[in-house]
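Coordinates as given in my_file14.cif (mmCIF, C-alpha atoms):
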data_model
loop_
_atom_site.label_atom_id
_atom_site.label_comp_id
_atom_site.auth_asym_id
_atom_site.auth_seq_id
_atom_site.Cartn_x
_atom_site.Cartn_y
_atom_site.Cartn_z
CA MET A 1351 65.03 -153.33 -104.79
CA SER A 1352 66.81 -156.21 -103.07
CA ASN A 1353 64.86 -155.98 -99.82
CA MET A 1354 61.56 -155.06 -101.44
CA ILE A 1355 60.35 -158.55 -102.16
CA ASN A 1356 56.64 -157.77 -102.23
CA MET A 1357 57.01 -154.68 -104.38
CA GLN A 1358 59.09 -156.70 -106.82
CA SER A 1359 56.45 -159.44 -106.92
CA ILE A 1360 53.80 -156.92 -107.93
CA VAL A 1361 56.06 -155.30 -110.52
CA ASP A 1362 56.97 -158.71 -111.97
CA ALA A 1363 53.31 -159.73 -112.17
CA VAL A 1364 52.35 -156.52 -113.98
CA LEU A 1365 55.30 -156.61 -116.38
CA SER A 1366 54.60 -160.22 -117.18
CA GLU A 1367 51.11 -159.15 -118.26
CA TRP A 1368 52.13 -155.80 -119.71
CA PRO A 1369 55.84 -155.43 -120.59
CA GLU A 1370 55.26 -152.03 -122.24
CA HIS A 1371 54.41 -150.59 -118.83
CA GLU A 1372 58.05 -150.78 -117.68
CA ILE A 1373 58.96 -147.14 -118.27
CA TYR A 1374 55.88 -145.93 -116.40
CA ILE A 1375 56.59 -148.24 -113.45
CA SER A 1376 60.21 -147.22 -113.36
CA LYS A 1377 59.19 -143.54 -113.21
CA SER A 1378 56.57 -144.22 -110.60
CA LEU A 1379 58.74 -146.17 -108.18
CA SER A 1380 61.77 -143.88 -108.30
CA GLY A 1381 62.50 -141.03 -105.95
CA TYR A 1382 61.59 -142.61 -102.62
CA THR A 1383 63.89 -142.13 -99.63
CA GLU A 1384 65.07 -145.19 -97.70
CA GLU A 1385 62.48 -144.52 -95.01
CA GLU A 1386 59.71 -144.12 -97.58
CA ARG A 1387 60.79 -147.35 -99.27
CA ALA A 1388 60.06 -149.21 -96.04
CA HIS A 1389 56.50 -147.83 -96.12
CA VAL A 1390 56.16 -148.68 -99.82
CA GLU A 1391 57.21 -152.25 -99.07
CA ARG A 1392 54.65 -152.39 -96.25
CA LEU A 1393 52.01 -151.21 -98.72
CA SER A 1394 53.18 -153.84 -101.21
CA GLU A 1395 53.05 -156.54 -98.54
CA ARG A 1396 49.39 -155.72 -97.88
CA ILE A 1397 48.56 -155.71 -101.58
CA CYS A 1398 50.22 -159.12 -101.94
CA ALA A 1399 48.32 -160.40 -98.90
CA LEU A 1400 45.03 -159.22 -100.42
CA ALA A 1401 45.77 -160.61 -103.86
CA GLY A 1402 47.21 -163.91 -102.58
CA ASP A 1403 47.82 -166.44 -105.33
CA ARG A 1404 45.62 -164.39 -107.68
CA LEU A 1405 48.25 -161.68 -108.07
CA PRO A 1406 48.56 -162.41 -111.84
CA ASP A 1407 44.78 -161.87 -112.16
CA PHE A 1408 45.07 -158.62 -110.24
CA ALA A 1409 47.86 -157.54 -112.60
CA ALA A 1410 45.60 -158.29 -115.56
CA SER A 1411 42.80 -156.31 -113.91
CA TYR A 1412 45.23 -153.42 -113.44
CA LYS A 1413 46.02 -153.36 -117.16
CA TRP A 1414 42.30 -153.48 -117.93
CA LEU A 1415 41.68 -150.66 -115.44
CA CYS A 1416 44.25 -148.43 -117.14
CA GLY A 1417 42.33 -148.96 -120.39
CA VAL A 1418 39.06 -148.01 -118.70
CA PHE A 1419 40.69 -144.88 -117.26
CA ASN A 1420 42.05 -144.01 -120.72
CA GLU A 1421 38.48 -143.92 -122.04
CA GLU A 1422 37.45 -141.59 -119.23
CA GLN A 1423 40.54 -139.44 -119.73
CA ILE A 1424 39.79 -139.01 -123.44
CA ALA A 1425 36.26 -137.84 -122.64
CA PHE A 1426 37.53 -135.54 -119.88
CA ILE A 1427 40.13 -133.86 -122.08
CA ARG A 1428 37.55 -133.40 -124.83
CA THR A 1429 34.90 -131.88 -122.57
CA GLY A 1430 36.53 -130.75 -119.31
CA LYS A 1431 33.83 -132.68 -117.46
CA TYR A 1432 33.33 -136.09 -115.90
CA ARG A 1433 31.09 -138.33 -117.97
CA ARG A 1434 28.70 -139.05 -115.11
CA THR A 1435 27.36 -136.56 -112.62
CA SER A 1436 24.79 -138.52 -110.64
CA PHE A 1437 25.03 -141.44 -108.25
CA ALA A 1438 22.27 -143.18 -110.24
CA GLU A 1439 24.41 -143.12 -113.39
CA ALA A 1440 27.49 -144.43 -111.58
CA ASN A 1441 25.39 -147.08 -109.88
CA ALA A 1442 23.78 -148.27 -113.09
CA GLU A 1443 26.99 -148.42 -115.09
CA VAL A 1444 29.56 -149.33 -112.44
CA TYR A 1445 28.45 -150.35 -108.93
CA ALA A 1446 25.65 -152.66 -110.07
CA ASN A 1447 27.93 -154.43 -112.55
CA LYS A 1448 29.47 -157.18 -110.43
CA ASP A 1449 32.06 -158.40 -112.95
CA PHE A 1450 33.13 -154.85 -113.73
CA MET A 1451 33.40 -154.02 -110.03
CA GLN A 1452 35.54 -157.04 -109.23
CA LYS A 1453 38.12 -156.19 -111.88
CA TYR A 1454 37.86 -152.52 -111.01
CA MET A 1455 38.63 -153.10 -107.32
CA GLU A 1456 41.46 -155.52 -108.14
CA GLY A 1457 43.02 -153.06 -110.58
CA LEU A 1458 42.65 -150.17 -108.16
CA LEU A 1459 44.40 -152.18 -105.46
CA VAL A 1460 47.48 -152.57 -107.68
CA SER A 1461 47.30 -148.87 -108.57
CA GLN A 1462 47.84 -148.05 -104.90
CA LEU A 1463 51.47 -148.99 -105.47
CA LEU A 1464 51.99 -148.19 -109.14
CA TRP A 1465 50.37 -144.76 -109.39
CA SER A 1466 52.72 -142.48 -107.52
CA ASN A 1467 49.94 -140.14 -106.37
CA HIS A 1468 48.20 -143.13 -104.75
CA ALA A 1469 51.38 -144.41 -103.12
CA ARG A 1470 52.30 -140.93 -101.87
CA ALA A 1471 48.82 -140.53 -100.39
CA PHE A 1472 49.27 -143.86 -98.57
CA LEU A 1473 52.59 -142.64 -97.14
CA PHE A 1474 50.95 -139.39 -96.05
CA HIS A 1475 48.26 -141.38 -94.22
CA ASP A 1476 50.95 -143.55 -92.60
CA ALA A 1477 52.66 -140.42 -91.28
CA PHE A 1478 49.33 -139.04 -90.08
CA ILE A 1479 48.59 -142.23 -88.12
CA ASP A 1480 52.09 -142.17 -86.61
CA SER A 1481 51.38 -138.63 -85.36
CA LEU A 1482 48.23 -139.59 -83.43
CA LYS A 1483 48.14 -139.53 -79.67
CA GLU A 1484 47.63 -142.60 -77.46
CA GLY A 1485 44.02 -143.69 -77.11
CA THR A 1486 42.81 -142.26 -80.42
CA ARG A 1487 39.30 -143.20 -81.52
CA TYR A 1488 39.59 -143.70 -85.31
CA LEU A 1489 36.73 -143.78 -87.81
CA GLU A 1490 37.10 -144.40 -91.53
CA VAL A 1491 34.28 -143.87 -93.99
CA GLY A 1492 34.31 -145.96 -97.17
CA PRO A 1493 37.30 -148.16 -96.25
CA GLY A 1494 37.16 -150.16 -99.52
CA HIS A 1495 40.22 -152.38 -99.82
CA GLY A 1496 41.09 -151.63 -96.19
CA LEU A 1497 44.72 -150.60 -96.80
CA TYR A 1498 44.34 -147.41 -94.79
CA LEU A 1499 42.19 -149.09 -92.16
CA ALA A 1500 44.94 -151.68 -91.64
CA THR A 1501 47.48 -148.93 -90.85
CA ALA A 1502 45.22 -147.65 -88.08
CA ALA A 1503 44.34 -151.12 -86.80
CA LEU A 1504 48.01 -152.11 -86.57
CA ASN A 1505 48.97 -148.94 -84.70
CA PRO A 1506 48.64 -149.24 -80.90
CA ARG A 1507 47.93 -145.50 -80.64
CA CYS A 1508 44.49 -146.19 -82.12
CA ALA A 1509 42.44 -147.47 -79.20
CA VAL A 1510 39.25 -147.81 -81.23
CA VAL A 1511 39.12 -148.51 -84.96
CA GLU A 1512 35.77 -148.36 -86.70
CA ALA A 1513 34.71 -148.19 -90.36
CA TRP A 1514 31.42 -147.33 -92.06
CA ASP A 1515 30.13 -147.89 -95.52
CA VAL A 1516 26.76 -147.41 -97.14
CA SER A 1517 27.05 -150.85 -98.76
CA ALA A 1518 26.83 -154.09 -96.75
CA GLU A 1519 28.63 -155.89 -99.57
CA SER A 1520 31.56 -153.46 -99.41
CA LEU A 1521 31.78 -153.99 -95.66
CA GLU A 1522 31.93 -157.75 -96.15
CA GLN A 1523 34.84 -157.24 -98.53
CA THR A 1524 36.56 -154.95 -96.03
CA ALA A 1525 36.08 -157.58 -93.31
CA ALA A 1526 37.63 -160.24 -95.54
CA SER A 1527 40.47 -157.85 -96.41
CA THR A 1528 41.34 -157.15 -92.78
CA ARG A 1529 41.51 -160.91 -92.11
CA ARG A 1530 43.80 -161.45 -95.11
CA MET A 1531 46.07 -158.64 -93.92
CA GLY A 1532 46.39 -160.35 -90.55
CA ILE A 1533 44.42 -157.84 -88.48
CA SER A 1534 43.45 -159.76 -85.37
CA ARG A 1535 42.22 -156.92 -83.14
CA PRO A 1536 38.54 -155.96 -83.24
CA VAL A 1537 37.59 -153.54 -86.00
CA ARG A 1538 33.95 -152.53 -85.84
CA LEU A 1539 32.33 -152.34 -89.27
CA ALA A 1540 28.93 -150.69 -89.56
CA GLN A 1541 26.51 -149.94 -92.37
CA ARG A 1542 25.89 -146.20 -92.19
CA ASP A 1543 24.98 -143.56 -94.73
CA VAL A 1544 26.71 -140.36 -93.66
CA ALA A 1545 25.14 -138.51 -96.55
CA GLU A 1546 21.79 -138.71 -94.73
CA VAL A 1547 22.33 -137.84 -91.08
CA GLY A 1548 24.97 -136.69 -88.67
CA ARG A 1549 25.49 -137.93 -85.12
CA ARG A 1550 22.34 -138.96 -83.29
CA ALA A 1551 21.67 -139.10 -79.57
CA GLU A 1552 21.89 -142.89 -79.54
CA ASP A 1553 25.31 -142.94 -81.23
CA GLY A 1554 28.31 -143.80 -79.12
CA GLU A 1555 31.22 -141.61 -78.19
CA PRO A 1556 32.51 -139.22 -80.86
CA PHE A 1557 35.81 -139.87 -82.61
CA ASP A 1558 39.19 -138.15 -82.48
CA VAL A 1559 39.89 -138.79 -86.13
CA VAL A 1560 37.73 -139.36 -89.21
CA VAL A 1561 39.37 -140.51 -92.43
CA ILE A 1562 37.59 -140.26 -95.77
CA SER A 1563 39.84 -141.22 -98.65
CA GLU A 1564 38.78 -141.21 -102.29
CA VAL A 1565 35.09 -141.25 -101.42
CA LEU A 1566 33.84 -137.67 -101.74
CA GLU A 1567 34.37 -137.52 -105.51
CA HIS A 1568 31.87 -140.39 -105.80
CA LEU A 1569 29.10 -138.36 -104.13
CA GLU A 1570 26.58 -135.84 -105.37
CA ASP A 1571 26.87 -133.64 -102.28
CA PRO A 1572 30.29 -134.07 -100.66
CA LEU A 1573 29.93 -130.87 -98.65
CA ARG A 1574 26.90 -132.25 -96.85
CA VAL A 1575 28.85 -135.41 -95.97
CA LEU A 1576 31.73 -133.36 -94.58
CA LYS A 1577 29.30 -131.33 -92.49
CA ASN A 1578 27.71 -134.53 -91.18
CA LEU A 1579 31.08 -136.06 -90.41
CA ARG A 1580 32.04 -133.05 -88.31
CA THR A 1581 29.25 -133.98 -85.89
CA PHE A 1582 31.01 -137.29 -85.19
CA LEU A 1583 34.25 -135.58 -84.12
CA VAL A 1584 35.21 -134.35 -80.69
CA PRO A 1585 36.12 -130.66 -80.45
CA GLY A 1586 39.71 -130.47 -81.65
CA GLY A 1587 39.25 -133.76 -83.55
CA ARG A 1588 40.65 -134.01 -87.05
CA ILE A 1589 39.33 -135.05 -90.41
CA PHE A 1590 41.64 -136.56 -93.02
CA VAL A 1591 40.34 -135.91 -96.54
CA HIS A 1592 41.82 -137.43 -99.68
CA PHE A 1593 40.11 -135.91 -102.73
CA PRO A 1594 41.58 -136.44 -106.22
CA ILE A 1595 41.12 -133.49 -108.57
CA ASN A 1596 40.88 -133.64 -112.38
CA SER A 1597 40.52 -137.36 -111.91
CA PRO A 1598 38.20 -138.90 -114.50
CA ALA A 1599 37.01 -142.40 -113.57
CA PRO A 1600 33.86 -144.36 -114.39
CA ASP A 1601 32.41 -143.67 -110.94
CA HIS A 1602 33.73 -140.18 -110.22
CA ILE A 1603 30.88 -137.71 -110.39
CA TYR A 1604 32.03 -134.64 -108.45
CA LEU A 1605 34.75 -132.62 -110.15
CA LEU A 1606 37.10 -130.32 -108.29
CA THR A 1607 40.01 -128.76 -110.15
CA SER A 1608 42.41 -127.40 -107.52
CA LEU A 1609 43.64 -127.94 -103.99
CA ASP A 1610 42.15 -124.54 -103.14
CA GLU A 1611 38.70 -125.89 -104.03
CA VAL A 1612 39.22 -128.91 -101.77
CA ARG A 1613 40.41 -126.66 -98.93
CA ALA A 1614 37.45 -124.35 -99.45
CA MET A 1615 35.02 -127.26 -99.20
CA VAL A 1616 36.62 -128.52 -96.00
CA GLU A 1617 36.48 -125.00 -94.55
CA GLU A 1618 32.87 -124.52 -95.63
CA ALA A 1619 32.03 -127.69 -93.71
CA GLY A 1620 33.27 -125.94 -90.58
CA PHE A 1621 36.84 -127.17 -90.26
CA ARG A 1622 40.04 -125.17 -89.86
CA VAL A 1623 42.57 -126.51 -92.36
CA GLU A 1624 45.71 -127.65 -90.58
CA THR A 1625 47.64 -129.29 -93.42
CA ALA A 1626 47.19 -129.53 -97.18
CA GLU A 1627 49.34 -131.55 -99.58
CA GLU A 1628 49.07 -132.41 -103.24
CA TYR A 1629 50.62 -135.27 -105.17
CA PRO A 1630 50.52 -135.21 -108.98
CA THR A 1631 50.06 -138.25 -111.16
CA THR A 1632 53.09 -140.35 -112.12
CA GLY A 1633 55.81 -138.54 -114.04
CA TYR A 1634 54.29 -135.07 -113.61
CA THR A 1635 55.47 -132.08 -111.65
CA LEU A 1636 52.67 -130.29 -109.85
CA LYS A 1637 53.06 -127.33 -112.21
CA ARG A 1638 52.71 -129.51 -115.31
CA ALA A 1639 49.83 -131.48 -113.82
CA MET A 1640 47.90 -128.28 -113.10
CA ALA A 1641 48.70 -126.81 -116.53
CA THR A 1642 47.48 -129.95 -118.30
CA LYS A 1643 44.60 -130.81 -115.95
CA ALA A 1644 46.24 -134.09 -114.99
CA THR A 1645 45.14 -135.88 -111.83
CA VAL A 1646 46.43 -134.61 -108.50
CA SER A 1647 45.67 -136.34 -105.21
CA CYS A 1648 44.80 -133.63 -102.69
CA LEU A 1649 45.13 -134.39 -98.99
CA VAL A 1650 43.68 -132.02 -96.45
CA ILE A 1651 43.63 -132.37 -92.69
CA GLY A 1652 41.00 -130.22 -91.01
CA VAL A 1653 40.43 -129.53 -87.34
CA ASN A 1654 36.98 -129.43 -85.78
CA PRO A 1655 37.09 -126.15 -83.79
CA MET B 798 58.76 -138.69 -145.58
CA LEU B 799 56.03 -136.58 -144.01
CA ASP B 800 53.86 -134.32 -146.10
CA PRO B 801 55.37 -130.81 -145.61
CA GLN B 802 51.99 -129.12 -145.23
CA LEU B 803 50.87 -131.63 -142.62
CA THR B 804 54.19 -131.32 -140.82
CA GLN B 805 53.79 -127.55 -140.73
CA LYS B 806 50.39 -127.89 -139.09
CA LEU B 807 51.30 -130.71 -136.71
CA THR B 808 54.59 -129.33 -135.43
CA PRO B 809 53.16 -126.50 -133.29
CA ILE B 810 50.59 -128.92 -131.84
CA PHE B 811 53.33 -131.37 -130.82
CA GLN B 812 55.48 -128.56 -129.46
CA ASP B 813 52.61 -127.20 -127.41
CA VAL B 814 51.39 -130.55 -126.03
CA PHE B 815 54.86 -131.73 -125.06
CA ASP B 816 56.05 -128.25 -124.11
CA ARG B 817 59.10 -128.70 -126.33
CA ASP B 818 59.86 -125.87 -128.74
CA ASP B 819 62.76 -127.82 -130.24
CA LEU B 820 60.68 -130.80 -131.35
CA VAL B 821 61.23 -131.72 -135.02
CA LEU B 822 58.78 -134.18 -136.54
CA THR B 823 60.01 -137.20 -138.45
CA PRO B 824 58.05 -140.32 -139.41
CA GLU B 825 60.06 -142.36 -136.90
CA LEU B 826 59.56 -140.00 -133.96
CA SER B 827 57.86 -141.96 -131.17
CA SER B 828 57.09 -141.82 -127.47
CA SER B 829 60.45 -143.39 -126.69
CA ASP B 830 62.16 -140.28 -128.14
CA VAL B 831 60.15 -137.73 -126.15
CA GLU B 832 60.16 -138.07 -122.37
CA GLU B 833 56.93 -136.09 -122.00
CA TRP B 834 55.06 -138.37 -124.44
CA ASP B 835 53.14 -140.55 -122.00
CA SER B 836 49.64 -141.99 -122.29
CA LEU B 837 48.04 -138.84 -120.90
CA SER B 838 49.88 -136.39 -123.15
CA ASN B 839 49.20 -138.76 -126.07
CA ILE B 840 45.47 -138.25 -125.42
CA ARG B 841 46.00 -134.50 -125.23
CA LEU B 842 47.86 -134.66 -128.54
CA PHE B 843 44.99 -136.45 -130.27
CA VAL B 844 42.34 -134.17 -128.80
CA ALA B 845 44.35 -131.13 -129.92
CA ILE B 846 44.51 -132.60 -133.43
CA GLU B 847 40.77 -133.30 -133.29
CA GLN B 848 40.12 -129.66 -132.43
CA GLU B 849 42.51 -128.31 -135.05
CA PHE B 850 41.32 -130.50 -137.93
CA GLY B 851 37.70 -131.15 -136.98
CA VAL B 852 38.06 -134.93 -136.92
CA ARG B 853 37.35 -137.59 -134.32
CA PHE B 854 39.60 -140.48 -133.35
CA THR B 855 38.51 -143.73 -131.74
CA THR B 856 40.04 -144.94 -128.49
CA ASP B 857 41.81 -147.72 -130.38
CA GLU B 858 43.31 -145.21 -132.81
CA ILE B 859 44.52 -143.06 -129.94
CA THR B 860 46.05 -145.88 -127.92
CA ALA B 861 47.56 -147.88 -130.81
CA LEU B 862 49.80 -145.13 -132.16
CA ASN B 863 53.49 -146.01 -132.44
CA ASN B 864 55.05 -143.04 -134.23
CA VAL B 865 54.43 -139.84 -136.19
CA GLY B 866 54.47 -141.70 -139.52
CA GLU B 867 51.52 -143.82 -138.37
CA LEU B 868 49.73 -140.67 -137.25
CA ALA B 869 50.25 -139.09 -140.68
CA ASP B 870 48.89 -142.26 -142.35
CA LEU B 871 45.90 -142.26 -140.03
CA MET B 872 45.17 -138.62 -140.80
CA THR B 873 45.41 -139.30 -144.52
CA ARG B 874 42.88 -142.13 -144.14
CA LYS B 875 40.59 -139.67 -142.39
CA GLY B 876 40.82 -137.33 -145.36
CA ILE B 877 43.02 -134.70 -143.75
#

Would you mind writing the structure in this file as structure tokens?
Amino acid sequence: MSNMINMQSIVDAVLSEWPEHEIYISKSLSGYTEEERAHVERLSERICALAGDRLPDFAASYKWLCGVFNEEQIAFIRTGKYRRTSFAEANAEVYANKDFMQKYMEGLLVSQLLWSNHARAFLFHDAFIDSLKEGTRYLEVGPGHGLYLATAALNPRCAVVEAWDVSAESLEQTAASTRRMGISRPVRLAQRDVAEVGRRAEDGEPFDVVVISEVLEHLEDPLRVLKNLRTFLVPGGRIFVHFPINSPAPDHIYLLTSLDEVRAMVEEAGFRVETAEEYPTTGYTLKRAMATKATVSCLVIGVNP
Amino acid sequence: MLDPQLTQKLTPIFQDVFDRDDLVLTPELSSSDVEEWDSLSNIRLFVAIEQEFGVRFTTDEITALNNVGELADLMTRKGI
């Protein structure tokens, strides 16, 4: 790890708070190729930039988050269901609770490195962005911490980078995040609810790429959102979907249990599936994850015919 | 020493959850001895015991476990 200064800083901060997590971290951060390690360090650098001198607080939030997820996991294994199934429930118990949300977002940021399914999904997105053609018009829906958005904004192939969220507060946080990550080029942030309407006559040019990562499982009707998003894509444009399955969390309300179900939803929305990948939770083979209903991050790229 | 009757009932649950037919229960057996014994499979272990014995564990009981001996003590306290 000699040249992975930022990754080491995060690991040190977490182990200082939570020494018992060492075996998990060791499992999670092993197995990367040299090339992948460069991407992991880039991810770590962004996490460090976002956390700044509050990295120890973020590490504490991460430990707290794992406890919160344990509660959800216990309920999920007992019942086979997520505890909440409506946006109103998630809003009342999670989104409207400011203190909870702050720790939740901080902990999730650290998980982007330390949960191997999250880190692998980030690498997959990196590779996707590297494959884009010059002049790509990029839209991300629900950019959150902005880690993915930063990859697009820092890549010269993306001529236009835009992000939408239903929440003005979330967009403010994304704006602050892009500044902290050193994004100096213009990134248009707009408050839009893609659950309501698709592209309207007054909307600007359609996009070549739409990215929606770890958003659909928070929604009551993800299929409708995918259908709406298709209207914002040029013919031949691609959608990048990251949908975690068997993934109990306080604000996850839509349960899918296999990659096939994710693919089927993307296809039902009118896309032709081009690529589909799945990354199991830390320490699990895909076979064991599926047998035990452990979380798997499913990534599907669909083409708008 | 573990109660033989309890051991007889717990062993197949452990073997199934950790997918290890060779697992032999001792009071000292802990997550550091079984590679598959992570936080997620620990939850699955407790839920399997809940289903088998008709008891309910709290989150603290599930997450505080250190070894099989402690689990046996906990089950005794719950009247199993």

- Can you list, as a VMD selection string, the residues that the PyMOL selection byres ((chain A) within 10 of (chain B)) selects here? chain A and resid 1373 to 1374 1416 to 1417 1420 to 1421 1423 to 1425 1427 to 1429 1631 to 1634 1638 1642 1644 to 1645

As a check of understanding: the span from CA of Asp1571 (chain A) to CA of Ile1603 (chain A) is 9.9 Å

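Picked by the PyMOL selection byres ((chain A and resi 1568) around 10) from the coordinates shown: Arg1434, Thr1435, Ser1436, Phe1437, Ala1440, Glu1564, Val1565, Leu1566, Glu1567, Leu1569, Glu1570, Asp1571, Pro1572, Phe1593, Ala1599, Pro1600, Asp1601, His1602, Ile1603, Tyr1604 and Leu1605 of chain A.
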
For Lys1577 (chain A): contacts at 8 Å, all atoms listed in the file, fewer than 5 positions along chain excluded, given as a ChimeraX atom specification = /A:1548,1619-1620

Go ahead and write the residues just picked, C-alpha atoms, as a short mmCIF file (atom, residue, chain, number, x, y, z; two decimals), in the frame of the given file.
data_model
loop_
_atom_site.label_atom_id
_atom_site.label_comp_id
_atom_site.auth_asym_id
_atom_site.auth_seq_id
_atom_site.Cartn_x
_atom_site.Cartn_y
_atom_site.Cartn_z
CA GLY A 1548 24.97 -136.69 -88.67
CA ALA A 1619 32.03 -127.69 -93.71
CA GLY A 1620 33.27 -125.94 -90.58
#

With distances taken over all atoms listed in the file, which of A:Ser1394, A:Thr1528, A:Thr1625, A:Ser1563 is nearest to Gln1462 (chain A)?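 Looking only at the distances to Gln1462 (chain A), the closest residue turns out to be A:Ser1394.
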
As a check of understanding: the span from CA of Ser1647 (chain A) to CA of Val1616 (chain A) is 15.1 Å

Next on the checklist: As an exercise, work out the distance from CA of Asp1407 (chain A) to CA of Glu1490 (chain A) in Å and give it to one decimal place.
Outcome noted: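 For CA of Asp1407 (chain A) relative to CA of Glu1490 (chain A), the distance reads 28.1 Å.
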
**Local residues around (38.5, -125.1, -94.3), at most 12 Å away, using only C-alpha atoms, as a PyMOL selection string** = chain A and resi 1573+1576-1577+1580+1588-1591+1609-1626+1650-1655

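Ranking B:Asp819, B:Asp800, B:Asp813, B:Glu825 by their shortest atom-to-atom distance to Asn864 (chain B), with all atoms listed in the file included, puts B:Glu825 first.
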
Output of the PyMOL selection byres ((chain A and resi 1351-1368) around 10), listed as a VMD selection string
chain A and resid 1369 to 1372 1375 to 1376 1379 1387 to 1388 1390 to 1399 1401 1405 to 1413 1460 1463 to 1464

- Task: Could you check which of B:Leu807, B:Val852, B:Leu820, B:Ile846 is closest to Trp834 (chain B), using all atoms listed in the file?
- Result: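 Smallest separation from Trp834 (chain B) among the options: B:Leu820.
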
Using all atoms listed in the file, which residue out of B:Gly851, B:Leu842, B:Ala869, B:Ser827 lies closest to Thr804 (chain B)?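 Once distances to Thr804 (chain B) are computed over all atoms listed in the file, the minimum belongs to B:Ala869.
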
Residues near Thr873 (chain B), cut-off 12 Å, all atoms listed in the file, skip fewer than 4 positions along chain, as a PDB file with C-alpha atoms, keeping the file's coordinate frame:
ATOM      1  CA  LEU B 799      56.030-136.580-144.010  1.00  0.00           C
ATOM      2  CA  ASP B 800      53.860-134.320-146.100  1.00  0.00           C
ATOM      3  CA  LEU B 803      50.870-131.630-142.620  1.00  0.00           C
ATOM      4  CA  PHE B 850      41.320-130.500-137.930  1.00  0.00           C
ATOM      5  CA  VAL B 852      38.060-134.930-136.920  1.00  0.00           C
ATOM      6  CA  GLY B 866      54.470-141.700-139.520  1.00  0.00           C
ATOM      7  CA  GLU B 867      51.520-143.820-138.370  1.00  0.00           C
ATOM      8  CA  LEU B 868      49.730-140.670-137.250  1.00  0.00           C
ATOM      9  CA  ALA B 869      50.250-139.090-140.680  1.00  0.00           C
ATOM     10  CA  ILE B 877      43.020-134.700-143.750  1.00  0.00           C
TER      11      ILE B 877
END

Neighbouring residues of Thr1501 (chain A) were defined as those with any atom within 12 Å, considering only C-alpha atoms; residues of the same chain fewer than 5 positions away were excluded. Please report them as a VMD selection string. chain A and resid 1389 1392 to 1393 1396 1472 to 1480 1482 1488 1490 1493 1496 1506 to 1508 1511 1528 1531 to 1533 1537 1561

Using only C-alpha atoms, what residues lie at most 10 Å away from (26.4, -140.3, -96.2) (file coordinates), given as a count of residues only?
21
